[in-house]
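Here is the structure we will look at, set down as structure tokens.
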Amino acid sequence: MRSVNRFRKRHSREILARLGLAVACGLALAVFLNASMARAADEVTLQVVVKEAANDEPIFQAHLTLQFKIHQKYKLDKWISYSAKTDKKGQCTFHHITKGPIRLMVTAEGFQTFGKKYEIEEDNHVIVVKLRKPQPQI
């Protein structure tokens, strides 16, 4: 009888230890998924369209520099910088951009440089940039 009780106690402890491990893993997974979902909710997709101001023609191979902040818990916010070029339609899409303030700079050969700050709050935001030819010096 004693050996049966010892056997039961030992197996009960093992079952409780396994159950505790499973609960701990489940909680860790829930925390991770919650953090991932919160991060994804704070990210948006941004499309930039670059056109010539005089005739609304798209500008191919315009160079874009996009800067945005990543909010870090317990640290200072970090500025991230992406660079890209426009396609033949004058478009460029940036994915996984954090909501909030951004800085956009656009340069293209034969055009004036463009730079502006924006506040991005909704997904699939479109920014249309119209570049001008340089003005002659007087």
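By order of appearance in the structure tokens: chains A, B, ..., then residues from 1 within every chain, and ligands from 1 in the order shown.
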
(request) Fewer than 5 positions away in the same chain doesn't count, so skip those; otherwise give me all residues within 7 Å of Val50 in chain A, counting only C-alpha atoms, as a list of chain:residue names. (result)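 What passes the distance filter is A:Pro58, A:Ile59, A:Gly90, A:Gln91, A:Val128, A:Val129, A:Lys130.
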
Using the selection just defined, write its residues with N, CA and C atoms as a short mmCIF file (atom, residue, chain, number, x, y, z; two decimals), in the first residue's frame.
data_model
loop_
_atom_site.label_atom_id
_atom_site.label_comp_id
_atom_site.auth_asym_id
_atom_site.auth_seq_id
_atom_site.Cartn_x
_atom_site.Cartn_y
_atom_site.Cartn_z
N PRO A 58 4.43 61.49 -64.13
CA PRO A 58 5.19 60.80 -63.08
C PRO A 58 6.69 60.95 -63.29
N ILE A 59 7.41 61.00 -62.19
CA ILE A 59 8.87 61.12 -62.26
C ILE A 59 9.48 59.77 -61.89
N GLY A 90 5.93 56.63 -61.05
CA GLY A 90 6.27 57.65 -60.05
C GLY A 90 5.85 57.26 -58.65
N GLN A 91 5.65 55.96 -58.41
CA GLN A 91 5.14 55.49 -57.13
C GLN A 91 6.17 54.67 -56.37
N VAL A 128 1.12 62.69 -52.25
CA VAL A 128 1.45 63.09 -53.61
C VAL A 128 2.41 64.28 -53.52
N VAL A 129 3.58 64.12 -54.14
CA VAL A 129 4.61 65.16 -54.14
C VAL A 129 4.74 65.68 -55.56
N LYS A 130 4.67 67.00 -55.71
CA LYS A 130 4.84 67.61 -57.04
C LYS A 130 6.15 68.41 -57.03
#

(message) I'd like to know which of A:Arg103, A:Val49, A:Thr98, A:Lys78 is closest to Tyr118 in chain A, using only C-alpha atoms.
(response) A:Arg103

(message) Ranking A:Ala54, A:Leu64, A:Ile120, A:Leu131 by minimum distance to Cys92 in chain A and counting only C-alpha atoms, which one comes first?
(response)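 Looking at the shortest contact to Cys92 in chain A, the residue is A:Leu64.
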
(message) Applying 9 Å and only C-alpha atoms, which residues near Pro101 in chain A remain after dropping the ones on its own chain fewer than 6 positions away? List them as a list in words.
(response) Gln67, Phe68, Lys69, Lys117, Tyr118, Glu119, Ile120 and Glu121 of chain A

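Atom pair CA of Ile80 in chain A / CA of Lys116 in chain A has a distance of 16.2 Å (rounded to one decimal).
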
Test item: residues at most 7 Å from Leu46 in chain A, only C-alpha atoms, excluding those fewer than 5 positions along its chain, as a PDB file with N, CA and C atoms, in the first residue's frame:
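Once written, result24.pdb looks like this:
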ATOM      1  N   THR A  93       6.011  52.344 -52.486  1.00  0.00           N
ATOM      2  CA  THR A  93       5.230  51.959 -51.314  1.00  0.00           C
ATOM      3  C   THR A  93       6.168  51.518 -50.206  1.00  0.00           C
ATOM      4  N   PHE A  94       5.925  52.039 -49.004  1.00  0.00           N
ATOM      5  CA  PHE A  94       6.681  51.666 -47.805  1.00  0.00           C
ATOM      6  C   PHE A  94       5.741  50.881 -46.888  1.00  0.00           C
ATOM      7  N   HIS A  95       6.209  49.734 -46.421  1.00  0.00           N
ATOM      8  CA  HIS A  95       5.420  48.894 -45.520  1.00  0.00           C
ATOM      9  C   HIS A  95       5.998  48.954 -44.113  1.00  0.00           C
ATOM     10  N   ASN A 124      -2.679  52.765 -45.381  1.00  0.00           N
ATOM     11  CA  ASN A 124      -2.784  53.036 -46.827  1.00  0.00           C
ATOM     12  C   ASN A 124      -2.840  54.531 -47.138  1.00  0.00           C
ATOM     13  N   HIS A 125      -2.072  55.294 -46.407  1.00  0.00           N
ATOM     14  CA  HIS A 125      -1.993  56.741 -46.621  1.00  0.00           C
ATOM     15  C   HIS A 125      -1.224  57.018 -47.921  1.00  0.00           C
ATOM     16  N   VAL A 126      -1.691  57.985 -48.695  1.00  0.00           N
ATOM     17  CA  VAL A 126      -1.033  58.336 -49.962  1.00  0.00           C
ATOM     18  C   VAL A 126      -0.565  59.786 -49.868  1.00  0.00           C
TER      19      VAL A 126
END

(request) Tell me which protein, DNA and RNA residues are within 7 Å of His63 in chain A, counting only C-alpha atoms, leaving out same-chain ones fewer than 6 positions away, and put them as JSON, numbers by chain. (result) {"A": [84, 85, 86, 106, 107, 108]}

(message) If we count only C-alpha atoms and set the cut-off at 9 Å, which residues sit around Gly110 in chain A, ignoring sequence neighbours fewer than 5 positions away in its own chain? Please answer as a PyMOL selection string.
(response) chain A and resi 132-134

Write a file of the selected residues as a PDB file, in the first residue's frame, keeping C-alpha atoms.
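File written: part31.pdb
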ATOM      1  CA  ARG A 132       9.251  71.821 -59.770  1.00  0.00           C
ATOM      2  CA  LYS A 133      12.062  72.592 -62.157  1.00  0.00           C
ATOM      3  CA  PRO A 134      14.713  74.898 -60.680  1.00  0.00           C
TER       4      PRO A 134
END

(message) One decimal, in Å: what's the spacing between CA of Lys99 in chain A and CA of Asp123 in chain A?
(response) 8.6 Å

(request) Choose the residue, out of A:Ala53, A:Tyr82, A:Gln72, A:Val44, that has the smallest atom-to-atom separation from Met105 in chain A; count only C-alpha atoms. (result)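 Among A:Ala53, A:Tyr82, A:Gln72, A:Val44, it is A:Tyr82 that comes nearest to Met105 in chain A.
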